[in-house]
Amino acid sequence: MTPVNDHRFDQLLAGRQHDPLEILGVHRAAQGWVVRHVDPHAATVSLRDGDRSVPLTQIAPGLWEVTVPGEPAHPLRLLVDHGGAPREIASPWVFAPAIGDDDLYLFNAGQLTRGWKVLGAVATHRGSTAGVRFACWAPNAERVSVVGDFNRWDGRVHPMISRGASGVWELFVPGLPAEALYKFEIRHRASGTVFVKSDPYGRAFELRPGTAARVQTSTFEWTDTRWMQTRATHDWLHAPLNAYEVHLGSWKRHPDGAFYTYGEMAEHLIPYALEMGYTHLELLPVSEHPLDESWGYQTTGYFAVTSRFGTPDDFRAFVDSCHRAGLGVILDWVPGHFPRDAWALARFDGSALYEHEDPRMGLHEEWGTHVFNYGRREVCSFLLSSAAFWLEEFHLDGLRVDAVASMLYLDYSRRAGEWVPNRFGGRENLEAIDFLRALNAMVHRDFPGALTFAEESTAWPMVSRPVYVGGLGFSMKWNMGWMNDSLAYLAHDPIHRRYHHDKLTFGQIYAYSENFMLPLSHDEVVHGKRSLLDKMPGDAWQKFANLRLLLAWQACTPGKKLNFMGNEFGQGREWRVGGELDWHLLDTAWHGGAQACARDLNRLYRDVPALHDLDFDPAGFQWIDCHDADHSVVSWLRRDREGRCVVVLMNFTPVGRPGYRIGVPSGGHYREIFNSDSRFYGGSDQGNGHGVTAEPHPWMNQPWSVVLTLPPLAAVILAP
């Protein structure tokens, strides 16, 4: 053994040693074998050698040593007394690093997509010894230690081993109990500053306001095999997809304000979503976050489901129950920014590691958050692994990627001089584009049937087109233009709507340039924007009629659907995160009617192929009349691949129109399968209850026509 000088002892005891295995553990010496152990809190330390104990001598504060003639058995067993009953432990200092060179290479190359199996805390065995392998990426650290409730949060006890140029630090700690709390203590190489950080790859965290990660293992057994197999071959392009967007902390609560658990959500939310006819739940972020008021978008745990509502296995059981009931689950995932909390990712190893050093690239002043450095390959490995984690570990069916526009543009929400152009002088974030393409390629390759959704608010081309043809590769894109135009149009008093008729018709010009989802999301019912019901003009009757009309407009317009909780029954006030929805409103006829209307529309969209089969194909839509601005009426056909159709009419004024003639494509009888003015929904019950019969009277470029009653502020759907 190379002699160990006092300087290296000093380095170890001062917490500056990058390779504690050079000093600690078992080493060959001229007189036999030297055994060393570090523990500043021990009163005595002894080597267990067969049936006898050999005491170690404290040669420096916290550093223990003994020389024995024969090589001790592996693993090295020590008896440590901390002032109570002595406890036998296995020494961590005889276990060499185990992370393979291939994994380190892939991590540094930005190609490690299962990083949670390599970094963080991985419960494993080294031979017959059970323990936890800790690993942390901190290339600018002089020393990294794992600290926790198992070592009195003292960074001197478990210093980690540097894996050289990879920037990764590693240590296997034998015998740790399940659910042990831990963090990483880091000494910055340049400044010598010591600070404590949460594990970026932590898979569970203590309940807020605590920020320590928990060693996590799963014993859950999935029962959704049939769902997963069917999903892999599911024709989602032609299938109905209608997502109920939910914030788990404020959908429902207990009378004392306590959160529902994941198990209680399974008991209450799943039956409700099924009864309402939704095909998917879309969850606002359930990744760990410190602040309730952030709704989950200030994510600090990119590999951890929030502990507010239960354990990771509780969440697995929730998803499993959804799948067995026939509901898909989509997660809102946030790779666009991360918070500045000093205990989390920000300046993780004392340097701008996950973010940019230059604030013109590294800060979102609008949100008070950092921007990920997508050009750093290890950051790409981190984010790709996070996406894969949710899909693999929790069987989620899709990821909605938040704030994609903020990732694509270097000048997003910045004034001139506050941003740095790319290498070609443009404003496009080339590294973010590469990352998004890699993300979508990975999801569609590794998780058959899983979908990705982009919240992208600009006209960036080919967001939902495959990577191999130059697109970003998302499955779908939120149609923010449709949403903004629709809400702006309906906000007008009906007497003025004739002057804004293009808000209804313009969307068809670009409707098939992407695979669009039509969102009425949480962002539209907060921050002074008012609830959907409160946006509507007129008296109470007109407000509810307008709301029902909006829901029908969404259901019958080409594109998949998303509605935020509360929209379906006419929540009266803005959504607030601090309490549950106003479910008591359902005791009133108008709110109950709105809910019944939403339920029936959802079921029609799901069950009538003409309303979903060709959502992304112009062959599925044909205007009958889009020019009747004077009456604020539009009518169109929806078709499926078999040629079957339904006729849709919408009257956006409070004036009923009996004797209204429209063209239809064929003769015969047409029955009214939906009327938003029905008395069951709180309407005036004007309509065409016995249906209408087509006449051989050409009209509106159709060979036949029908004459019907068009109710006020209402949508009517006819089926031949």
# chains A, B, ... in the order shown; residues from 1 in each chain; ligands from 1
$ closest_atom_pairs --of "region 157-218 of chain A" --to "region 17-39 of chain A" --cutoff "9 Å" --atoms "only C-alpha atoms" --output "CSV"
residue,atom,partner,partner_atom,distance
A:Val157,CA,A:Asp39,CA,5.4
A:His158,CA,A:Val38,CA,8.2
A:Pro159,CA,A:Pro20,CA,6.7
A:Met160,CA,A:Asp19,CA,7.1
A:Ile161,CA,A:Asp19,CA,4.8
A:Ser162,CA,A:His18,CA,5.6
A:Arg163,CA,A:Asp19,CA,8.9
A:Trp169,CA,A:His18,CA,8.7
$ write_last_selection --atoms "C-alpha atoms" --output "compact mmCIF listing (two decimals), in the first residue's frame"
# COMPACT_ATOMS: atom_id res chain seq x y z
CA VAL A 157 -19.27 10.19 7.68
CA HIS A 158 -20.06 9.14 4.10
CA PRO A 159 -17.86 11.00 1.59
CA MET A 160 -18.44 9.77 -1.96
CA ILE A 161 -16.02 8.55 -4.60
CA SER A 162 -15.29 10.63 -7.68
CA ARG A 163 -15.77 8.90 -11.04
CA TRP A 169 -19.79 10.77 -7.48
$ residues_around --residues "Val329 (chain A)" --least-positions-apart "2" --cutoff "8 Å" --atoms "only C-alpha atoms" --output "PyMOL selection string"
chain A and resi 280-283+319+322+327+331+396-398
$ atom_distance --atom1 "CA of Gly362 (chain A)" --atom2 "CA of Ser386 (chain A)"
20.4 Å
$ residues_around --residues "Val646 (chain A)" --least-positions-apart "6" --cutoff "7 Å" --atoms "only C-alpha atoms" --output "list of chain:residue names"
A:Ala610, A:Leu637, A:Arg638, A:Arg639, A:Ile717, A:Leu718, A:Ala719, A:Pro720
$ residues_around --residues "region 294-311 of chain A" --least-positions-apart "6" --cutoff "8 Å" --atoms "only C-alpha atoms" --output "short mmCIF file (atom, residue, chain, number, x, y, z; two decimals) with N, CA and C atoms, in the first residue's frame"
data_model
loop_
_atom_site.label_atom_id
_atom_site.label_comp_id
_atom_site.auth_asym_id
_atom_site.auth_seq_id
_atom_site.Cartn_x
_atom_site.Cartn_y
_atom_site.Cartn_z
N TRP A 116 -32.56 7.24 -13.76
CA TRP A 116 -32.92 6.98 -12.37
C TRP A 116 -32.45 5.60 -11.90
N PRO A 200 -31.38 15.43 -7.26
CA PRO A 200 -32.14 15.68 -8.50
C PRO A 200 -32.88 14.45 -9.00
N TYR A 201 -32.37 13.26 -8.70
CA TYR A 201 -32.99 12.01 -9.15
C TYR A 201 -33.80 11.35 -8.03
N GLY A 202 -34.08 12.09 -6.95
CA GLY A 202 -34.84 11.52 -5.84
C GLY A 202 -36.20 11.03 -6.29
N ARG A 203 -36.58 9.84 -5.82
CA ARG A 203 -37.84 9.22 -6.27
C ARG A 203 -38.97 9.35 -5.26
N ALA A 204 -38.70 9.95 -4.13
CA ALA A 204 -39.74 10.29 -3.16
C ALA A 204 -39.14 11.31 -2.21
N PHE A 205 -40.00 12.19 -1.70
CA PHE A 205 -39.53 13.24 -0.79
C PHE A 205 -40.43 13.28 0.44
N GLU A 206 -39.85 13.79 1.53
CA GLU A 206 -40.65 13.99 2.72
C GLU A 206 -41.69 15.06 2.45
N LEU A 207 -42.72 15.07 3.28
CA LEU A 207 -43.80 16.02 3.10
C LEU A 207 -43.30 17.44 3.34
N ARG A 208 -43.73 18.38 2.45
CA ARG A 208 -43.35 19.77 2.61
C ARG A 208 -43.65 20.22 4.04
N HIS A 247 -56.68 19.22 -11.29
CA HIS A 247 -55.69 19.50 -10.25
C HIS A 247 -56.11 18.69 -9.03
N PHE A 259 -56.53 17.14 1.95
CA PHE A 259 -56.49 16.61 0.59
C PHE A 259 -57.09 15.21 0.53
N TYR A 260 -57.70 14.87 -0.60
CA TYR A 260 -57.97 13.47 -0.91
C TYR A 260 -56.63 12.78 -1.18
N THR A 261 -56.53 11.53 -0.79
CA THR A 261 -55.35 10.73 -1.12
C THR A 261 -55.49 10.19 -2.53
N TYR A 262 -54.41 9.60 -3.04
CA TYR A 262 -54.50 8.95 -4.35
C TYR A 262 -55.57 7.86 -4.33
N LEU A 284 -52.68 18.05 -13.79
CA LEU A 284 -51.69 19.09 -13.55
C LEU A 284 -50.54 18.45 -12.77
N PRO A 285 -49.33 19.01 -12.85
CA PRO A 285 -48.15 18.28 -12.38
C PRO A 285 -48.33 17.66 -11.00
N VAL A 286 -48.04 16.38 -10.91
CA VAL A 286 -47.99 15.69 -9.61
C VAL A 286 -46.54 15.38 -9.26
N SER A 287 -45.59 15.87 -10.05
CA SER A 287 -44.19 15.79 -9.66
C SER A 287 -43.99 16.68 -8.43
N GLU A 288 -43.02 16.32 -7.59
CA GLU A 288 -42.88 17.01 -6.30
C GLU A 288 -42.57 18.48 -6.49
N VAL A 334 -42.97 19.35 -17.00
CA VAL A 334 -42.44 20.72 -17.07
C VAL A 334 -40.93 20.72 -17.29
N HIS A 337 -38.58 24.98 -17.42
CA HIS A 337 -37.97 25.86 -16.42
C HIS A 337 -37.95 25.13 -15.09
N PHE A 338 -37.18 25.66 -14.14
CA PHE A 338 -37.18 25.11 -12.79
C PHE A 338 -36.92 26.23 -11.79
N PRO A 339 -37.40 26.07 -10.55
CA PRO A 339 -37.34 27.18 -9.58
C PRO A 339 -35.93 27.42 -9.06
N ALA A 344 -32.44 23.05 -4.19
CA ALA A 344 -32.82 22.18 -5.31
C ALA A 344 -31.80 22.28 -6.44
N LEU A 345 -32.25 22.38 -7.68
CA LEU A 345 -31.34 22.29 -8.84
C LEU A 345 -30.49 23.54 -9.05
N SER A 386 -36.22 11.71 -17.02
CA SER A 386 -37.42 12.09 -16.29
C SER A 386 -38.67 11.72 -17.07
N PHE A 389 -39.10 8.03 -17.04
CA PHE A 389 -39.45 7.56 -15.70
C PHE A 389 -40.95 7.53 -15.50
N TRP A 390 -41.63 8.63 -15.85
CA TRP A 390 -43.07 8.69 -15.62
C TRP A 390 -43.81 7.69 -16.49
N VAL A 577 -56.70 27.45 -6.05
CA VAL A 577 -56.01 26.23 -5.67
C VAL A 577 -56.24 25.87 -4.21
#
$ residues_around --residues "region 54-56 of chain A" --least-positions-apart "3" --cutoff "10 Å" --atoms "only C-alpha atoms" --output "ChimeraX atom specification"
/A:35-37,44-49,59,63-68,78-80
$ residues_around --residues "region 528-541 of chain A" --least-positions-apart "5" --cutoff "10 Å" --atoms "only C-alpha atoms" --output "short mmCIF file (atom, residue, chain, number, x, y, z; two decimals) with all heavy atoms, in the first residue's frame"
data_model
loop_
_atom_site.label_atom_id
_atom_site.label_comp_id
_atom_site.auth_asym_id
_atom_site.auth_seq_id
_atom_site.Cartn_x
_atom_site.Cartn_y
_atom_site.Cartn_z
N LEU A 487 -63.22 32.09 -27.39
CA LEU A 487 -63.57 32.81 -26.18
C LEU A 487 -63.76 34.30 -26.45
O LEU A 487 -64.64 34.94 -25.86
CB LEU A 487 -62.49 32.59 -25.12
CG LEU A 487 -62.36 31.15 -24.61
CD1 LEU A 487 -61.23 31.03 -23.59
CD2 LEU A 487 -63.67 30.66 -23.99
N ALA A 488 -62.95 34.85 -27.36
CA ALA A 488 -63.11 36.27 -27.71
C ALA A 488 -64.46 36.49 -28.39
O ALA A 488 -65.15 37.49 -28.12
CB ALA A 488 -61.97 36.72 -28.61
N TYR A 489 -64.85 35.58 -29.27
CA TYR A 489 -66.13 35.72 -29.98
C TYR A 489 -67.30 35.66 -29.00
O TYR A 489 -68.21 36.50 -29.03
CB TYR A 489 -66.26 34.62 -31.02
CG TYR A 489 -67.59 34.62 -31.74
CD1 TYR A 489 -67.81 35.46 -32.83
CD2 TYR A 489 -68.62 33.78 -31.34
CE1 TYR A 489 -69.03 35.47 -33.49
CE2 TYR A 489 -69.85 33.78 -31.99
CZ TYR A 489 -70.05 34.63 -33.06
OH TYR A 489 -71.26 34.64 -33.71
N LEU A 490 -67.30 34.67 -28.12
CA LEU A 490 -68.43 34.49 -27.22
C LEU A 490 -68.49 35.57 -26.15
O LEU A 490 -69.54 35.78 -25.53
CB LEU A 490 -68.35 33.11 -26.57
CG LEU A 490 -68.83 31.98 -27.49
CD1 LEU A 490 -68.35 30.64 -27.01
CD2 LEU A 490 -70.35 32.00 -27.60
N ALA A 491 -67.39 36.28 -25.92
CA ALA A 491 -67.41 37.38 -24.95
C ALA A 491 -68.19 38.58 -25.47
O ALA A 491 -68.64 39.42 -24.68
CB ALA A 491 -65.99 37.81 -24.60
N HIS A 492 -68.39 38.67 -26.79
CA HIS A 492 -69.15 39.78 -27.37
C HIS A 492 -70.64 39.61 -27.09
O HIS A 492 -71.17 38.49 -27.09
CB HIS A 492 -68.93 39.85 -28.88
CG HIS A 492 -67.57 40.32 -29.28
ND1 HIS A 492 -67.13 41.61 -29.08
CD2 HIS A 492 -66.55 39.66 -29.89
CE1 HIS A 492 -65.89 41.73 -29.54
NE2 HIS A 492 -65.52 40.56 -30.03
N ASP A 493 -71.31 40.73 -26.87
CA ASP A 493 -72.76 40.69 -26.82
C ASP A 493 -73.28 40.14 -28.15
O ASP A 493 -72.76 40.49 -29.22
CB ASP A 493 -73.29 42.11 -26.60
CG ASP A 493 -74.79 42.11 -26.34
OD1 ASP A 493 -75.55 41.84 -27.30
OD2 ASP A 493 -75.19 42.39 -25.20
N PRO A 494 -74.27 39.25 -28.12
CA PRO A 494 -74.74 38.64 -29.37
C PRO A 494 -75.11 39.64 -30.46
O PRO A 494 -74.98 39.33 -31.65
CB PRO A 494 -75.96 37.83 -28.93
CG PRO A 494 -75.65 37.46 -27.52
CD PRO A 494 -74.93 38.65 -26.94
N LEU A 520 -59.83 23.92 -23.38
CA LEU A 520 -60.43 24.94 -22.52
C LEU A 520 -59.83 24.66 -21.14
O LEU A 520 -60.42 23.97 -20.31
CB LEU A 520 -61.96 24.84 -22.53
CG LEU A 520 -62.62 25.19 -23.87
CD1 LEU A 520 -64.10 24.85 -23.86
CD2 LEU A 520 -62.41 26.66 -24.21
N HIS A 522 -57.03 25.16 -17.63
CA HIS A 522 -56.97 25.90 -16.37
C HIS A 522 -56.48 27.33 -16.57
O HIS A 522 -56.85 28.23 -15.80
CB HIS A 522 -56.05 25.17 -15.38
CG HIS A 522 -54.61 25.14 -15.81
ND1 HIS A 522 -54.12 24.25 -16.75
CD2 HIS A 522 -53.55 25.91 -15.44
CE1 HIS A 522 -52.83 24.48 -16.93
NE2 HIS A 522 -52.46 25.47 -16.16
N ASP A 523 -55.63 27.55 -17.57
CA ASP A 523 -55.08 28.89 -17.78
C ASP A 523 -56.16 29.90 -18.14
O ASP A 523 -55.93 31.12 -18.02
CB ASP A 523 -54.03 28.86 -18.89
CG ASP A 523 -52.68 28.37 -18.39
OD1 ASP A 523 -52.36 28.64 -17.22
OD2 ASP A 523 -51.95 27.74 -19.17
N ASN A 546 -75.01 30.27 -23.46
CA ASN A 546 -73.73 30.48 -24.13
C ASN A 546 -72.70 29.43 -23.72
O ASN A 546 -71.92 28.95 -24.55
CB ASN A 546 -73.20 31.88 -23.79
CG ASN A 546 -73.74 32.95 -24.71
OD1 ASN A 546 -73.64 32.85 -25.92
ND2 ASN A 546 -74.31 34.00 -24.12
N LEU A 547 -72.69 29.07 -22.43
CA LEU A 547 -71.75 28.05 -21.98
C LEU A 547 -72.04 26.71 -22.66
O LEU A 547 -71.12 26.03 -23.13
CB LEU A 547 -71.82 27.90 -20.46
CG LEU A 547 -70.95 26.79 -19.88
CD1 LEU A 547 -69.46 27.08 -20.10
CD2 LEU A 547 -71.22 26.61 -18.39
N ARG A 548 -73.31 26.33 -22.70
CA ARG A 548 -73.65 25.07 -23.37
C ARG A 548 -73.28 25.13 -24.85
O ARG A 548 -72.81 24.14 -25.43
CB ARG A 548 -75.15 24.79 -23.21
CG ARG A 548 -75.60 24.60 -21.77
CD ARG A 548 -77.02 24.05 -21.69
NE ARG A 548 -78.01 24.92 -22.31
CZ ARG A 548 -78.70 25.86 -21.69
NH1 ARG A 548 -78.48 26.08 -20.39
NH2 ARG A 548 -79.61 26.58 -22.33
N LEU A 550 -70.80 26.89 -26.14
CA LEU A 550 -69.35 26.75 -26.23
C LEU A 550 -68.93 25.29 -26.13
O LEU A 550 -68.07 24.82 -26.89
CB LEU A 550 -68.68 27.56 -25.11
CG LEU A 550 -67.17 27.36 -24.93
CD1 LEU A 550 -66.40 27.78 -26.18
CD2 LEU A 550 -66.66 28.12 -23.70
N GLY A 566 -64.57 21.72 -13.53
CA GLY A 566 -65.46 22.84 -13.21
C GLY A 566 -66.11 23.44 -14.43
O GLY A 566 -67.24 23.95 -14.34
N ASN A 567 -65.42 23.39 -15.57
CA ASN A 567 -66.05 23.89 -16.80
C ASN A 567 -67.32 23.12 -17.11
O ASN A 567 -68.28 23.68 -17.66
CB ASN A 567 -65.09 23.74 -17.98
CG ASN A 567 -63.90 24.68 -17.92
OD1 ASN A 567 -63.85 25.58 -17.10
ND2 ASN A 567 -62.92 24.45 -18.79
N GLU A 568 -67.32 21.83 -16.77
CA GLU A 568 -68.42 20.96 -17.20
C GLU A 568 -69.73 21.25 -16.47
O GLU A 568 -70.79 20.83 -16.93
CB GLU A 568 -68.02 19.48 -17.03
CG GLU A 568 -68.10 18.94 -15.61
CD GLU A 568 -66.86 19.22 -14.77
OE1 GLU A 568 -66.03 20.07 -15.18
OE2 GLU A 568 -66.71 18.58 -13.71
N PHE A 569 -69.68 21.93 -15.33
CA PHE A 569 -70.95 22.26 -14.67
C PHE A 569 -71.12 23.75 -14.44
O PHE A 569 -72.03 24.18 -13.73
CB PHE A 569 -71.11 21.48 -13.35
CG PHE A 569 -70.10 21.79 -12.28
CD1 PHE A 569 -70.24 22.91 -11.47
CD2 PHE A 569 -69.02 20.96 -12.06
CE1 PHE A 569 -69.32 23.19 -10.46
CE2 PHE A 569 -68.10 21.21 -11.05
CZ PHE A 569 -68.25 22.34 -10.25
N GLY A 570 -70.28 24.55 -15.07
CA GLY A 570 -70.47 26.00 -14.97
C GLY A 570 -70.02 26.56 -13.64
O GLY A 570 -70.77 27.30 -12.99
N GLN A 571 -68.79 26.23 -13.23
CA GLN A 571 -68.21 26.83 -12.03
C GLN A 571 -68.39 28.34 -12.12
O GLN A 571 -68.07 28.96 -13.14
CB GLN A 571 -66.74 26.47 -11.94
CG GLN A 571 -65.97 27.17 -10.86
CD GLN A 571 -65.96 26.42 -9.53
OE1 GLN A 571 -66.55 25.36 -9.43
NE2 GLN A 571 -65.31 26.97 -8.54
N GLY A 572 -68.92 28.95 -11.06
CA GLY A 572 -69.28 30.36 -11.15
C GLY A 572 -68.12 31.31 -11.00
O GLY A 572 -68.10 32.38 -11.60
N ARG A 573 -67.14 30.94 -10.19
CA ARG A 573 -66.01 31.83 -9.94
C ARG A 573 -64.75 31.22 -10.55
O ARG A 573 -64.73 30.08 -10.98
CB ARG A 573 -65.81 32.01 -8.43
CG ARG A 573 -65.63 30.69 -7.70
CD ARG A 573 -65.24 30.84 -6.25
NE ARG A 573 -65.20 29.55 -5.57
CZ ARG A 573 -64.21 28.67 -5.67
NH1 ARG A 573 -63.17 28.94 -6.41
NH2 ARG A 573 -64.26 27.52 -5.02
N GLU A 574 -63.70 32.02 -10.55
CA GLU A 574 -62.42 31.51 -11.01
C GLU A 574 -61.97 30.33 -10.16
O GLU A 574 -62.30 30.23 -8.97
CB GLU A 574 -61.35 32.60 -10.92
CG GLU A 574 -61.40 33.63 -12.00
CD GLU A 574 -60.17 34.53 -11.97
OE1 GLU A 574 -59.40 34.47 -10.99
OE2 GLU A 574 -59.96 35.27 -12.93
N TRP A 575 -61.17 29.46 -10.78
CA TRP A 575 -60.57 28.36 -10.02
C TRP A 575 -59.56 28.93 -9.03
O TRP A 575 -58.79 29.83 -9.34
CB TRP A 575 -59.86 27.41 -10.99
CG TRP A 575 -59.00 26.39 -10.29
CD1 TRP A 575 -59.38 25.51 -9.32
CD2 TRP A 575 -57.60 26.18 -10.50
NE1 TRP A 575 -58.31 24.75 -8.92
CE2 TRP A 575 -57.21 25.14 -9.62
CE3 TRP A 575 -56.63 26.74 -11.33
CZ2 TRP A 575 -55.89 24.66 -9.57
CZ3 TRP A 575 -55.34 26.27 -11.27
CH2 TRP A 575 -54.97 25.24 -10.40
N TRP A 590 -79.72 24.97 -13.19
CA TRP A 590 -78.89 25.45 -14.30
C TRP A 590 -77.52 24.76 -14.31
O TRP A 590 -77.05 24.34 -15.36
CB TRP A 590 -78.71 26.96 -14.20
CG TRP A 590 -79.82 27.72 -14.86
CD1 TRP A 590 -80.68 27.26 -15.81
CD2 TRP A 590 -80.20 29.08 -14.61
NE1 TRP A 590 -81.57 28.23 -16.18
CE2 TRP A 590 -81.29 29.37 -15.45
CE3 TRP A 590 -79.72 30.07 -13.76
CZ2 TRP A 590 -81.92 30.62 -15.48
CZ3 TRP A 590 -80.34 31.32 -13.78
CH2 TRP A 590 -81.43 31.59 -14.62
N PRO A 654 -79.59 35.15 -29.30
CA PRO A 654 -80.71 34.69 -28.46
C PRO A 654 -82.05 34.74 -29.18
O PRO A 654 -83.11 34.76 -28.53
CB PRO A 654 -80.67 35.66 -27.28
CG PRO A 654 -80.10 36.91 -27.84
CD PRO A 654 -79.13 36.49 -28.90
N GLY A 682 -81.66 22.91 -19.07
CA GLY A 682 -82.01 24.23 -18.60
C GLY A 682 -82.39 25.18 -19.72
O GLY A 682 -82.46 26.39 -19.50
N GLY A 683 -82.65 24.65 -20.91
CA GLY A 683 -82.98 25.49 -22.05
C GLY A 683 -84.47 25.73 -22.18
O GLY A 683 -85.28 25.30 -21.35
N SER A 684 -84.87 26.41 -23.28
CA SER A 684 -86.27 26.75 -23.52
C SER A 684 -87.01 25.66 -24.25
O SER A 684 -88.22 25.77 -24.49
CB SER A 684 -86.35 28.06 -24.30
OG SER A 684 -85.69 27.92 -25.56
N LEU A 713 -79.43 30.74 -29.05
CA LEU A 713 -78.15 30.44 -28.39
C LEU A 713 -78.00 28.93 -28.20
O LEU A 713 -77.78 28.44 -27.09
CB LEU A 713 -78.06 31.15 -27.04
CG LEU A 713 -77.88 32.67 -27.09
CD1 LEU A 713 -77.92 33.27 -25.67
CD2 LEU A 713 -76.58 33.06 -27.78
#
$ residues_around --residues "region 222-236 of chain A" --least-positions-apart "2" --cutoff "6 Å" --atoms "only C-alpha atoms" --output "PDB file with all heavy atoms, in the first residue's frame"
ATOM      1  N   HIS A 238     -57.487   8.168 -35.085  1.00  0.00           N
ATOM      2  CA  HIS A 238     -58.900   8.094 -35.461  1.00  0.00           C
ATOM      3  C   HIS A 238     -59.810   7.792 -34.279  1.00  0.00           C
ATOM      4  O   HIS A 238     -61.015   7.604 -34.461  1.00  0.00           O
ATOM      5  CB  HIS A 238     -59.096   7.028 -36.541  1.00  0.00           C
ATOM      6  CG  HIS A 238     -58.309   7.286 -37.785  1.00  0.00           C
ATOM      7  ND1 HIS A 238     -57.117   6.651 -38.063  1.00  0.00           N
ATOM      8  CD2 HIS A 238     -58.523   8.148 -38.813  1.00  0.00           C
ATOM      9  CE1 HIS A 238     -56.637   7.092 -39.209  1.00  0.00           C
ATOM     10  NE2 HIS A 238     -57.458   8.002 -39.690  1.00  0.00           N
ATOM     11  N   ALA A 239     -59.263   7.747 -33.101  1.00  0.00           N
ATOM     12  CA  ALA A 239     -60.046   7.412 -31.914  1.00  0.00           C
ATOM     13  C   ALA A 239     -60.469   8.680 -31.175  1.00  0.00           C
ATOM     14  O   ALA A 239     -59.831   9.722 -31.291  1.00  0.00           O
ATOM     15  CB  ALA A 239     -59.221   6.522 -30.985  1.00  0.00           C
ATOM     16  N   ASP A 320     -53.258   2.360 -12.123  1.00  0.00           N
ATOM     17  CA  ASP A 320     -53.705   0.999 -12.406  1.00  0.00           C
ATOM     18  C   ASP A 320     -55.232   0.924 -12.394  1.00  0.00           C
ATOM     19  O   ASP A 320     -55.847   0.294 -13.268  1.00  0.00           O
ATOM     20  CB  ASP A 320     -53.108   0.056 -11.363  1.00  0.00           C
ATOM     21  CG  ASP A 320     -53.164  -1.397 -11.768  1.00  0.00           C
ATOM     22  OD1 ASP A 320     -52.707  -1.719 -12.888  1.00  0.00           O
ATOM     23  OD2 ASP A 320     -53.664  -2.219 -10.979  1.00  0.00           O
ATOM     24  N   ARG A 324     -57.720  -0.092 -15.518  1.00  0.00           N
ATOM     25  CA  ARG A 324     -58.685  -1.183 -15.433  1.00  0.00           C
ATOM     26  C   ARG A 324     -60.103  -0.687 -15.693  1.00  0.00           C
ATOM     27  O   ARG A 324     -60.959  -1.446 -16.150  1.00  0.00           O
ATOM     28  CB  ARG A 324     -58.586  -1.875 -14.078  1.00  0.00           C
ATOM     29  CG  ARG A 324     -57.346  -2.766 -13.972  1.00  0.00           C
ATOM     30  CD  ARG A 324     -57.328  -3.611 -12.713  1.00  0.00           C
ATOM     31  NE  ARG A 324     -56.944  -2.828 -11.540  1.00  0.00           N
ATOM     32  CZ  ARG A 324     -57.777  -2.455 -10.582  1.00  0.00           C
ATOM     33  NH1 ARG A 324     -59.047  -2.800 -10.646  1.00  0.00           N
ATOM     34  NH2 ARG A 324     -57.353  -1.747  -9.552  1.00  0.00           N
ATOM     35  N   PRO A 448     -44.772   2.314 -26.854  1.00  0.00           N
ATOM     36  CA  PRO A 448     -45.786   2.245 -27.915  1.00  0.00           C
ATOM     37  C   PRO A 448     -47.160   2.694 -27.422  1.00  0.00           C
ATOM     38  O   PRO A 448     -47.637   2.253 -26.373  1.00  0.00           O
ATOM     39  CB  PRO A 448     -45.791   0.760 -28.289  1.00  0.00           C
ATOM     40  CG  PRO A 448     -44.440   0.254 -27.902  1.00  0.00           C
ATOM     41  CD  PRO A 448     -44.065   1.033 -26.673  1.00  0.00           C
ATOM     42  N   GLY A 449     -47.752   3.591 -28.176  1.00  0.00           N
ATOM     43  CA  GLY A 449     -49.078   4.087 -27.847  1.00  0.00           C
ATOM     44  C   GLY A 449     -49.097   5.281 -26.925  1.00  0.00           C
ATOM     45  O   GLY A 449     -50.142   5.928 -26.766  1.00  0.00           O
TER      46      GLY A 449
END
$ select_by_dssp --residues "region 284-404 of chain A" --states "strand (DSSP E)" --output "list in words"
Ser287, Glu288, Gly301, Tyr302, Phe303, Ala304, Val305, Gly328, Val329, Ile330, Leu331, Asp332, Trp333, Phe338, Pro339, Leu363, His364, Thr369, His370, Gly398, Leu399, Arg400 and Val401 of chain A
$ atom_distance --atom1 "CA of Ala317 (chain A)" --atom2 "CA of Glu267 (chain A)"
11.2 Å
$ select_by_dssp --residues "region 321-449 of chain A" --states "alpha helix (DSSP H)" --output "ChimeraX atom specification"
/A:321-325,359-362,377-393,404-408,430-446
$ atom_distance --atom1 "CA of Ala594 (chain A)" --atom2 "CA of Met276 (chain A)"
11.7 Å
$ closest_residue --among "A:Gly127, A:Pro69, A:Pro359, A:Gly481" --to "Phe516 (chain A)" --atoms "only C-alpha atoms"
A:Gly481
$ closest_residue --among "A:Pro696, A:Gly328, A:Pro712, A:Gly559" --to "His395 (chain A)" --atoms "only C-alpha atoms"
A:Gly328
$ closest_residue --among "A:Asn484, A:Asn108, A:Ser351, A:Ser406" --to "Ser381 (chain A)" --atoms "only C-alpha atoms"
A:Asn108
